[in-house]
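J.: Provided below: entry02.csv, containing CSV, C-alpha atoms.
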chain,number,residue,atom,x,y,z
A,29,MET,CA,6.0,-24.8,-6.9
A,30,TYR,CA,6.1,-24.3,-3.1
A,31,GLU,CA,3.2,-24.8,-0.8
A,32,PHE,CA,3.2,-23.2,2.7
A,33,VAL,CA,0.9,-24.6,5.3
A,34,ARG,CA,1.6,-22.3,8.3
A,35,GLY,CA,3.3,-19.1,9.3
A,36,GLU,CA,5.0,-17.8,12.4
A,37,GLY,CA,6.7,-14.4,12.7
A,38,ILE,CA,8.7,-13.7,9.6
A,39,TYR,CA,8.7,-17.4,8.6
A,40,LEU,CA,6.5,-19.6,6.4
A,41,TYR,CA,6.6,-23.4,6.7
A,42,ASP,CA,6.0,-26.0,4.0
A,43,LYS,CA,4.5,-29.5,4.5
A,44,ILE,CA,7.7,-31.0,5.9
A,45,ASN,CA,8.2,-28.0,8.3
A,46,THR,CA,11.0,-26.3,6.3
A,47,PRO,CA,11.2,-22.7,7.3
A,48,TYR,CA,11.3,-19.9,4.7
A,49,ILE,CA,11.9,-16.2,5.6
A,50,ASP,CA,9.1,-14.1,4.0
A,51,LEU,CA,11.0,-11.1,2.8
A,52,ILE,CA,8.0,-9.6,0.9
A,53,SER,CA,5.3,-9.9,3.6
A,54,GLY,CA,2.8,-11.2,1.1
A,55,ILE,CA,3.5,-7.9,-0.9
A,56,ALA,CA,3.4,-5.5,2.1
A,57,VAL,CA,0.5,-7.1,3.9
A,58,ASN,CA,1.9,-9.0,6.8
A,59,ASN,CA,3.7,-6.0,8.4
A,60,LEU,CA,3.4,-7.6,11.8
A,61,GLY,CA,4.5,-11.0,10.6
A,62,HIS,CA,2.5,-14.2,10.4
A,63,ASN,CA,0.2,-15.5,13.1
A,64,ASN,CA,0.4,-12.5,15.4
A,65,LYS,CA,-1.3,-13.7,18.6
A,66,TYR,CA,-3.0,-10.4,19.3
A,67,ILE,CA,-4.5,-10.3,15.8
A,68,VAL,CA,-5.5,-14.0,15.9
A,69,LYS,CA,-7.2,-13.4,19.3
A,70,ALA,CA,-9.2,-10.4,17.9
A,71,ILE,CA,-10.3,-12.5,14.9
A,72,ARG,CA,-11.5,-15.4,17.0
A,73,LYS,CA,-13.2,-13.1,19.5
A,74,GLN,CA,-15.2,-11.2,16.8
A,75,ALA,CA,-16.0,-14.4,14.8
A,76,SER,CA,-17.5,-15.9,17.9
A,77,LYS,CA,-19.9,-12.9,18.1
A,78,TYR,CA,-20.8,-12.4,14.5
A,79,SER,CA,-18.9,-12.3,11.2
A,80,HIS,CA,-21.2,-10.2,9.0
A,81,GLN,CA,-24.2,-7.9,9.1
A,82,MET,CA,-25.4,-5.3,6.6
A,83,VAL,CA,-22.8,-2.5,6.3
A,84,TYR,CA,-24.8,0.2,4.4
A,85,GLY,CA,-25.0,2.5,7.3
A,86,GLU,CA,-28.4,1.7,8.9
A,87,TYR,CA,-26.7,-0.1,11.7
A,88,ILE,CA,-23.7,0.5,13.9
A,89,VAL,CA,-20.9,-2.0,13.2
A,90,GLY,CA,-18.8,-1.8,16.3
A,91,PRO,CA,-15.4,-3.0,14.9
A,92,GLN,CA,-15.7,-0.4,12.1
A,93,ILE,CA,-16.3,2.4,14.6
A,94,LYS,CA,-13.3,1.3,16.7
A,95,LEU,CA,-10.9,1.1,13.8
A,96,ALA,CA,-12.1,4.5,12.4
A,97,LYS,CA,-11.7,6.2,15.8
A,98,ASN,CA,-8.2,4.8,16.4
A,99,LEU,CA,-7.0,5.7,12.9
A,100,ALA,CA,-8.6,9.2,13.1
A,101,LYS,CA,-6.4,9.9,16.2
A,102,GLU,CA,-3.3,9.4,14.1
A,103,LEU,CA,-4.5,11.5,11.1
A,104,PRO,CA,-4.9,15.2,10.3
A,105,GLU,CA,-8.1,17.0,10.9
A,106,ASN,CA,-9.2,16.9,7.2
A,107,LEU,CA,-8.9,13.1,7.2
A,108,GLN,CA,-11.6,12.0,9.7
A,109,SER,CA,-14.3,10.3,7.6
A,110,PHE,CA,-13.8,6.7,6.6
A,111,TYR,CA,-15.4,4.4,4.0
A,112,PHE,CA,-14.3,0.8,4.5
A,113,LEU,CA,-14.1,-1.7,1.6
A,114,ASN,CA,-12.6,-5.0,0.8
A,115,SER,CA,-9.4,-4.2,-1.1
A,116,GLY,CA,-7.1,-1.5,-2.4
A,117,SER,CA,-8.6,-1.6,-5.9
A,118,GLU,CA,-12.0,-0.9,-4.4
A,119,ALA,CA,-10.6,2.0,-2.4
A,120,VAL,CA,-9.3,3.5,-5.7
A,121,GLU,CA,-12.7,3.0,-7.4
A,122,GLY,CA,-14.5,4.6,-4.5
A,123,ALA,CA,-12.1,7.5,-4.5
A,124,MET,CA,-12.6,8.1,-8.2
A,125,LYS,CA,-16.4,8.3,-7.7
A,126,LEU,CA,-16.0,10.5,-4.7
A,127,ALA,CA,-13.8,13.0,-6.6
A,128,LYS,CA,-16.2,13.1,-9.6
A,129,LYS,CA,-19.2,13.6,-7.3
A,130,HIS,CA,-17.5,16.3,-5.2
A,131,THR,CA,-16.0,18.4,-8.0
A,132,ARG,CA,-18.6,17.7,-10.7
A,133,ARG,CA,-15.7,17.1,-13.1
A,134,GLY,CA,-14.8,14.1,-15.2
A,135,LYS,CA,-11.0,14.3,-15.8
A,136,ILE,CA,-8.6,12.2,-13.8
A,137,VAL,CA,-4.8,12.6,-13.7
A,138,ALA,CA,-2.5,9.8,-12.7
A,139,MET,CA,1.3,9.3,-12.8
A,140,ARG,CA,3.1,7.3,-15.4
A,141,ASN,CA,4.3,4.0,-14.1
A,142,ALA,CA,1.8,4.0,-11.2
A,143,TYR,CA,0.0,1.0,-10.1
A,144,HIS,CA,-3.5,1.4,-8.5
A,145,GLY,CA,-5.1,-2.0,-9.0
A,146,SER,CA,-6.5,-4.3,-11.6
A,147,THR,CA,-10.2,-3.4,-11.8
A,148,SER,CA,-11.3,-1.4,-14.8
A,149,GLY,CA,-11.2,2.0,-13.2
A,150,SER,CA,-7.9,1.5,-11.5
A,151,LEU,CA,-6.5,-0.2,-14.6
A,152,SER,CA,-7.4,2.9,-16.6
A,153,MET,CA,-4.8,4.8,-14.6
A,154,MET,CA,-2.1,2.4,-15.7
A,155,SER,CA,0.2,4.0,-18.3
A,156,GLU,CA,1.8,0.7,-19.2
A,157,GLU,CA,0.1,-0.5,-22.4
A,158,TYR,CA,1.3,-4.1,-21.9
A,159,TYR,CA,-1.0,-4.4,-18.9
A,160,ALA,CA,-3.8,-2.1,-20.0
A,161,ALA,CA,-4.2,-2.7,-23.8
A,162,PRO,CA,-5.8,-6.2,-23.7
A,163,PHE,CA,-8.7,-4.8,-21.7
A,164,LYS,CA,-9.6,-1.7,-23.6
A,165,PRO,CA,-11.8,0.2,-24.0
A,166,LEU,CA,-11.2,1.5,-20.4
A,167,LEU,CA,-12.4,4.7,-18.8
A,168,PRO,CA,-12.0,7.8,-20.9
A,169,ASN,CA,-10.6,11.2,-19.9
A,170,ILE,CA,-7.6,9.8,-18.0
A,171,HIS,CA,-4.4,11.8,-18.4
A,172,PHE,CA,-0.9,11.3,-17.2
A,173,ALA,CA,1.9,13.4,-15.6
A,174,GLU,CA,5.5,12.3,-15.1
A,175,PHE,CA,6.4,11.3,-11.6
A,176,ASN,CA,8.9,13.8,-10.0
A,177,ASN,CA,8.7,16.1,-13.1
A,178,GLU,CA,7.1,19.4,-12.1
A,179,SER,CA,7.0,20.6,-15.8
A,180,THR,CA,4.3,18.1,-16.6
A,181,LEU,CA,1.8,19.3,-13.9
A,182,ASN,CA,0.2,21.7,-16.4
A,183,VAL,CA,-2.0,18.7,-17.4
A,184,ILE,CA,-3.9,19.5,-14.2
A,185,ASP,CA,-6.5,22.2,-14.9
A,186,GLN,CA,-10.0,23.4,-14.0
A,187,GLN,CA,-11.6,20.3,-15.5
A,188,THR,CA,-9.6,17.9,-13.3
A,189,ALA,CA,-11.5,16.1,-10.6
A,190,ALA,CA,-8.5,14.4,-9.0
A,191,VAL,CA,-4.9,13.5,-9.1
A,192,PHE,CA,-3.9,10.0,-8.0
A,193,ILE,CA,-0.3,9.5,-6.8
A,194,GLU,CA,1.7,7.1,-4.7
A,195,PRO,CA,4.1,9.0,-2.4
A,196,ILE,CA,6.4,6.1,-3.0
A,197,GLN,CA,5.9,4.7,-6.5
A,198,ALA,CA,5.7,1.0,-5.9
A,199,GLU,CA,5.9,-1.1,-9.0
A,200,LYS,CA,8.6,1.1,-10.7
A,201,GLY,CA,10.9,0.0,-8.0
A,202,TYR,CA,10.0,1.9,-4.8
A,203,ILE,CA,10.8,5.4,-6.0
A,204,PRO,CA,10.0,8.1,-3.4
A,205,ALA,CA,8.5,11.4,-4.6
A,206,THR,CA,10.7,14.4,-4.0
A,207,PRO,CA,9.5,17.0,-1.5
A,208,ALA,CA,9.6,19.7,-4.2
A,209,PHE,CA,7.4,17.7,-6.6
A,210,LEU,CA,4.8,16.9,-4.0
A,211,GLU,CA,4.7,20.5,-2.8
A,212,ALA,CA,4.3,21.7,-6.4
A,213,LEU,CA,1.6,19.1,-6.9
A,214,ARG,CA,-0.3,20.2,-3.8
A,215,LYS,CA,-0.1,23.8,-4.9
A,216,LYS,CA,-1.4,23.0,-8.4
A,217,CYS,CA,-4.3,21.0,-7.0
A,218,THR,CA,-5.3,23.7,-4.6
A,219,GLU,CA,-5.2,26.4,-7.4
A,220,THR,CA,-7.4,24.3,-9.7
A,221,GLY,CA,-9.8,23.0,-7.1
A,222,THR,CA,-8.6,19.4,-7.8
A,223,LEU,CA,-8.6,16.7,-5.1
A,224,LEU,CA,-5.2,15.3,-4.3
A,225,ILE,CA,-5.5,11.6,-3.6
A,226,PHE,CA,-2.6,9.7,-2.1
A,227,ASP,CA,-2.5,5.9,-2.7
A,228,GLU,CA,-0.8,4.6,0.4
A,229,ILE,CA,-2.1,1.1,-0.1
A,230,GLN,CA,1.5,-0.3,0.0
A,231,SER,CA,3.4,2.4,1.8
A,232,GLY,CA,1.0,2.7,4.7
A,233,MET,CA,0.8,1.2,8.2
A,234,GLY,CA,4.4,1.8,9.3
A,235,ARG,CA,6.3,0.5,6.3
A,236,THR,CA,8.3,3.7,5.9
A,237,GLY,CA,8.9,4.4,9.6
A,238,LYS,CA,5.7,6.6,9.8
A,239,LEU,CA,2.2,5.4,9.9
A,240,PHE,CA,1.8,6.8,6.4
A,241,ALA,CA,4.5,8.0,4.0
A,242,PHE,CA,2.9,11.5,3.5
A,243,GLU,CA,4.0,12.2,7.1
A,244,HIS,CA,7.6,12.5,5.8
A,245,TYR,CA,6.5,15.4,3.6
A,246,LYS,CA,4.9,18.8,4.3
A,247,VAL,CA,2.0,17.8,2.2
A,248,VAL,CA,-1.5,16.5,3.3
A,249,PRO,CA,-3.8,14.9,0.7
A,250,ASP,CA,-7.5,15.5,0.4
A,251,VAL,CA,-8.2,11.8,0.2
A,252,LEU,CA,-6.0,9.0,1.6
A,253,LEU,CA,-6.2,5.3,0.5
A,254,SER,CA,-5.1,2.4,2.6
A,255,ALA,CA,-5.4,-1.4,2.4
A,256,LYS,CA,-3.0,-4.3,2.5
A,257,ALA,CA,-1.4,-4.1,6.0
A,258,LEU,CA,-4.4,-2.2,7.4
A,259,GLY,CA,-6.2,-5.5,7.9
A,260,GLY,CA,-3.4,-7.3,9.8
A,261,GLY,CA,-3.6,-10.1,7.2
A,262,MET,CA,-7.4,-9.9,6.6
A,263,PRO,CA,-8.9,-8.3,3.4
A,264,ILE,CA,-9.8,-4.6,3.8
A,265,GLY,CA,-9.5,-1.3,2.1
A,266,VAL,CA,-10.5,2.3,2.9
A,267,PHE,CA,-10.7,5.7,1.5
A,268,ILE,CA,-10.5,8.6,4.0
A,269,SER,CA,-11.4,12.2,3.5
A,270,SER,CA,-13.2,15.1,5.3
A,271,ASN,CA,-16.8,15.0,6.3
A,272,GLU,CA,-17.6,17.7,3.7
A,273,ILE,CA,-16.1,15.8,0.8
A,274,MET,CA,-17.4,12.4,1.9
A,275,ASN,CA,-21.0,13.6,2.4
A,276,GLY,CA,-21.3,13.9,-1.3
A,277,LEU,CA,-21.9,10.2,-1.5
A,278,SER,CA,-24.9,10.4,0.9
A,279,ASP,CA,-27.5,11.7,-1.6
A,280,ASN,CA,-28.3,12.2,-5.3
A,281,PRO,CA,-28.3,9.2,-5.4
A,282,ILE,CA,-28.8,7.9,-1.9
A,283,LEU,CA,-26.1,5.4,-1.1
A,284,GLY,CA,-23.9,6.8,-3.8
A,285,HIS,CA,-21.4,4.1,-3.0
A,286,ILE,CA,-22.3,0.7,-1.5
A,287,THR,CA,-20.6,-2.5,-0.6
A,288,THR,CA,-21.8,-5.8,0.8
A,289,PHE,CA,-18.7,-6.9,2.7
A,290,GLY,CA,-16.7,-3.7,3.0
A,291,GLY,CA,-15.8,-2.9,6.6
A,292,HIS,CA,-16.4,-6.6,7.4
A,293,ALA,CA,-16.5,-7.0,11.2
A,294,VAL,CA,-13.8,-9.6,11.4
A,295,SER,CA,-11.5,-7.7,9.1
A,296,CYS,CA,-12.0,-4.5,11.1
A,297,ALA,CA,-11.4,-6.3,14.4
A,298,ALA,CA,-8.1,-7.6,12.9
A,299,GLY,CA,-7.2,-4.2,11.7
A,300,ASN,CA,-7.8,-2.6,15.0
A,301,ALA,CA,-5.7,-5.2,16.8
A,302,ALA,CA,-2.9,-4.7,14.2
A,303,LEU,CA,-3.0,-0.9,14.6
A,304,LYS,CA,-2.9,-1.1,18.4
A,305,TYR,CA,0.0,-3.5,18.3
A,306,LEU,CA,1.9,-1.4,15.7
A,307,LEU,CA,1.5,1.8,17.8
A,308,LYS,CA,2.2,0.2,21.2
A,309,SER,CA,5.2,-1.9,20.1
A,310,LYS,CA,7.0,1.2,18.7
A,311,LEU,CA,8.0,-0.9,15.7
A,312,MET,CA,8.0,2.1,13.5
A,313,ASP,CA,10.8,3.7,15.5
A,314,THR,CA,13.0,0.7,14.5
A,315,VAL,CA,12.4,1.0,10.8
A,316,PRO,CA,15.1,3.7,9.9
A,317,HIS,CA,17.8,1.6,11.6
A,318,LYS,CA,16.7,-1.5,9.9
A,319,GLU,CA,16.7,0.3,6.5
A,320,SER,CA,20.3,1.5,7.2
A,321,LEU,CA,21.4,-2.0,8.1
A,322,PHE,CA,20.0,-3.4,4.8
A,323,ARG,CA,21.8,-0.7,2.9
A,324,LYS,CA,25.0,-1.2,4.8
A,325,LEU,CA,25.1,-4.9,4.2
A,326,LEU,CA,23.9,-5.2,0.7
A,327,ILE,CA,27.0,-4.2,-1.1
A,328,HIS,CA,28.0,-6.3,-4.1
A,329,PRO,CA,29.4,-5.7,-7.6
A,330,LYS,CA,26.1,-6.9,-9.1
A,331,ILE,CA,24.0,-4.5,-7.0
A,332,LYS,CA,23.8,-1.2,-9.0
A,333,GLY,CA,21.9,0.7,-6.4
A,334,ILE,CA,19.1,0.5,-3.7
A,335,SER,CA,16.0,2.7,-3.9
A,336,GLY,CA,13.0,3.1,-1.6
A,337,LYS,CA,12.4,4.2,2.0
A,338,GLY,CA,12.1,2.3,5.3
A,339,LEU,CA,11.4,-1.4,4.8
A,340,MET,CA,10.2,-1.0,1.2
A,341,LEU,CA,13.5,-1.4,-0.8
A,342,ALA,CA,14.3,-2.2,-4.4
A,343,ILE,CA,17.7,-3.8,-5.2
A,344,GLN,CA,18.8,-2.8,-8.7
A,345,LEU,CA,20.6,-5.6,-10.7
A,346,ASP,CA,21.6,-5.5,-14.4
A,347,SER,CA,19.0,-7.8,-16.0
A,348,PHE,CA,15.8,-9.7,-15.4
A,349,ASN,CA,17.7,-12.9,-16.0
A,350,GLU,CA,19.9,-12.1,-12.9
A,351,VAL,CA,16.7,-11.2,-10.9
A,352,GLU,CA,15.2,-14.5,-11.8
A,353,ARG,CA,18.3,-16.5,-11.0
A,354,THR,CA,18.7,-14.7,-7.7
A,355,MET,CA,15.1,-15.3,-6.7
A,356,THR,CA,15.5,-19.0,-7.4
A,357,ARG,CA,18.8,-19.2,-5.5
A,358,CYS,CA,17.3,-17.4,-2.5
A,359,ILE,CA,14.2,-19.5,-2.2
A,360,GLU,CA,16.4,-22.7,-2.5
A,361,ARG,CA,18.2,-21.2,0.6
A,362,GLY,CA,15.0,-20.4,2.4
A,363,VAL,CA,14.4,-16.8,1.6
A,364,ILE,CA,11.4,-15.5,-0.3
A,365,ILE,CA,11.9,-12.4,-2.5
A,366,ASP,CA,10.1,-11.0,-5.5
A,367,TRP,CA,10.3,-8.6,-8.5
A,368,PHE,CA,8.4,-5.5,-9.8
A,369,LEU,CA,5.8,-5.1,-12.6
A,370,TYR,CA,7.5,-2.1,-14.2
A,371,ASN,CA,11.1,-2.7,-13.3
A,372,LEU,CA,12.2,-6.2,-14.1
A,373,GLU,CA,15.8,-5.5,-13.1
A,374,CYS,CA,14.9,-5.0,-9.4
A,375,LEU,CA,14.4,-7.3,-6.4
A,376,ARG,CA,11.7,-6.4,-3.9
A,377,ILE,CA,12.6,-6.3,-0.3
A,378,SER,CA,9.6,-5.6,2.1
A,379,PRO,CA,9.9,-7.8,5.1
A,380,PRO,CA,7.7,-7.8,8.2
A,381,LEU,CA,8.5,-4.8,10.4
A,382,ILE,CA,9.2,-7.3,13.2
A,383,ILE,CA,12.4,-8.6,11.5
A,384,THR,CA,15.4,-8.4,13.8
A,385,GLU,CA,18.9,-7.2,13.2
A,386,GLU,CA,20.1,-10.8,13.4
A,387,GLN,CA,17.5,-11.9,10.8
A,388,ILE,CA,18.5,-9.0,8.5
A,389,ILE,CA,22.1,-10.1,8.7
A,390,GLU,CA,21.1,-13.6,7.9
A,391,VAL,CA,19.0,-12.7,4.8
A,392,CYS,CA,21.6,-10.3,3.5
A,393,SER,CA,24.2,-13.1,3.8
A,394,VAL,CA,21.9,-15.4,1.8
A,395,LEU,CA,21.2,-12.8,-0.8
A,396,LEU,CA,24.9,-12.0,-1.3
A,397,GLU,CA,25.7,-15.7,-1.5
A,398,ALA,CA,23.0,-16.1,-4.2
A,399,LEU,CA,24.5,-13.2,-6.2
A,400,ASP,CA,28.0,-14.8,-5.9
A,401,GLU,CA,26.9,-18.2,-7.2
What is this structure when it is put down as structure tokens?

T.:
Amino acid sequence: MYEFVRGEGIYLYDKINTPYIDLISGIAVNNLGHNNKYIVKAIRKQASKYSHQMVYGEYIVGPQIKLAKNLAKELPENLQSFYFLNSGSEAVEGAMKLAKKHTRRGKIVAMRNAYHGSTSGSLSMMSEEYYAAPFKPLLPNIHFAEFNNESTLNVIDQQTAAVFIEPIQAEKGYIPATPAFLEALRKKCTETGTLLIFDEIQSGMGRTGKLFAFEHYKVVPDVLLSAKALGGGMPIGVFISSNEIMNGLSDNPILGHITTFGGHAVSCAAGNAALKYLLKSKLMDTVPHKESLFRKLLIHPKIKGISGKGLMLAIQLDSFNEVERTMTRCIERGVIIDWFLYNLECLRISPPLIITEEQIIEVCSVLLEALDE
């Protein structure tokens, strides 16, 4: 068991100051690395003013307003209303309520092999019985379509409140949606009056080379979910929609969705600093080249393929035993990697976006050496 006591850039350090390259960014959280000085400064500045006040809407919380305004500048005109929370799972739960309230329908459609969180509502949208069965009964009226299979979209009908989908399906091994599938899905949702909800909790905030993965497609969701890297290392979540849709939570009942700590001032200040740094640094422009470099260097007889987009990549091996052995060999050499819930034969590669070419060459050398051993 390893214990890390500090972080700097792409590195984590243990008690004796041994450096480890964090190749998973705390599962796509630390997109800007560890201990980013601009984020730390924003946290300290806000904490010196106040850390918390009531966030139910009666009072203006300045850091929330700033983060919402700066995000809104980067989003389409139908995604301009924000509801901040504490986590990705809470964003999913809030979006489920929003969809049911807006459409007055109760049916939810999700994709097989999707992961949306571990709370009861989000867990209900998990098709993997191994993870869901021990906690049943879960929410009723949840139905599943097959990811990237247009023939299964007939499950969406006039009773469907919302479809939840990850544009890049994370826990199956970073599988991107095909443009044709997302376009067909958008058309089906429009025809049936169903809200299309994109879970970009892991794929957002620059990880694919765009601020959000949907920007790679000609499809805009009705509701967008973000968390993880949004907070610059601090806990945060958000669901984003239009004013028309979001206003459904304002009455009948009043405060149709509430949270004590959601949109916490310190988290929002950190998120705003992270967003500003991400945009100003032009880091997203470097992602395609860095992806290409990983793909170019990671060639080995044991590597069966690489899926994903940008700096969310999955390396396909031939067994979980090989995945475990490789993970152990890598951390012994100072490189932290991980695996996937639904694809035990893949290694997860999602480094901080600040990783340099030299560091990519270094970690790929370590990984290939570990596979050789």

J.: From the set A:His328, A:Ser79, A:Ile286, A:Asn300, which residue has the shortest atom-to-atom contact distance to Lys125 of chain A, counting all atoms listed in the file?

T.: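 Closest candidate: A:Ile286.
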
J.: Atom CA of Gly90 of chain A and atom CA of Lys69 of chain A, how far apart in Å?

T.: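 So the answer is 16.7 Å.
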
J.: I need the residue nearest Glu121 of chain A from this list: A:Phe172, A:Ser152, A:Ile203, A:Lys43. Use only C-alpha atoms for the distance.

T.: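 Distance minimum relative to Glu121 of chain A lands on A:Ser152.
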
J.: Could you give me, as a ChimeraX atom specification, the residues that have an atom at most 12 Å away from the point (14.5, 3.1, -3.1) in the coordinates of the file, using all atoms listed in the file?

T.: /A:195-206,236,319-320,322-323,332-344,374-378

J.: Near Val83 of chain A, counting only C-alpha atoms, which residues have an atom at most 9 Å away, once you skip same-chain residues fewer than 2 positions from it, shown as a PyMOL selection string?

T.: chain A and resi 80-81+85-89+286-292

J.: Report, in Å to a single decimal, how far apart atom CA of Asn58 of chain A and atom CA of Ala257 of chain A are.

T.: 6.0 Å

J.: Within 12 Å of Ile71 of chain A, counting all atoms listed in the file, which residues show up once you throw out same-chain ones fewer than 5 positions away? Write them as a PyMOL selection string, please.

T.: chain A and resi 63-66+76-79+91+259-262+292-302
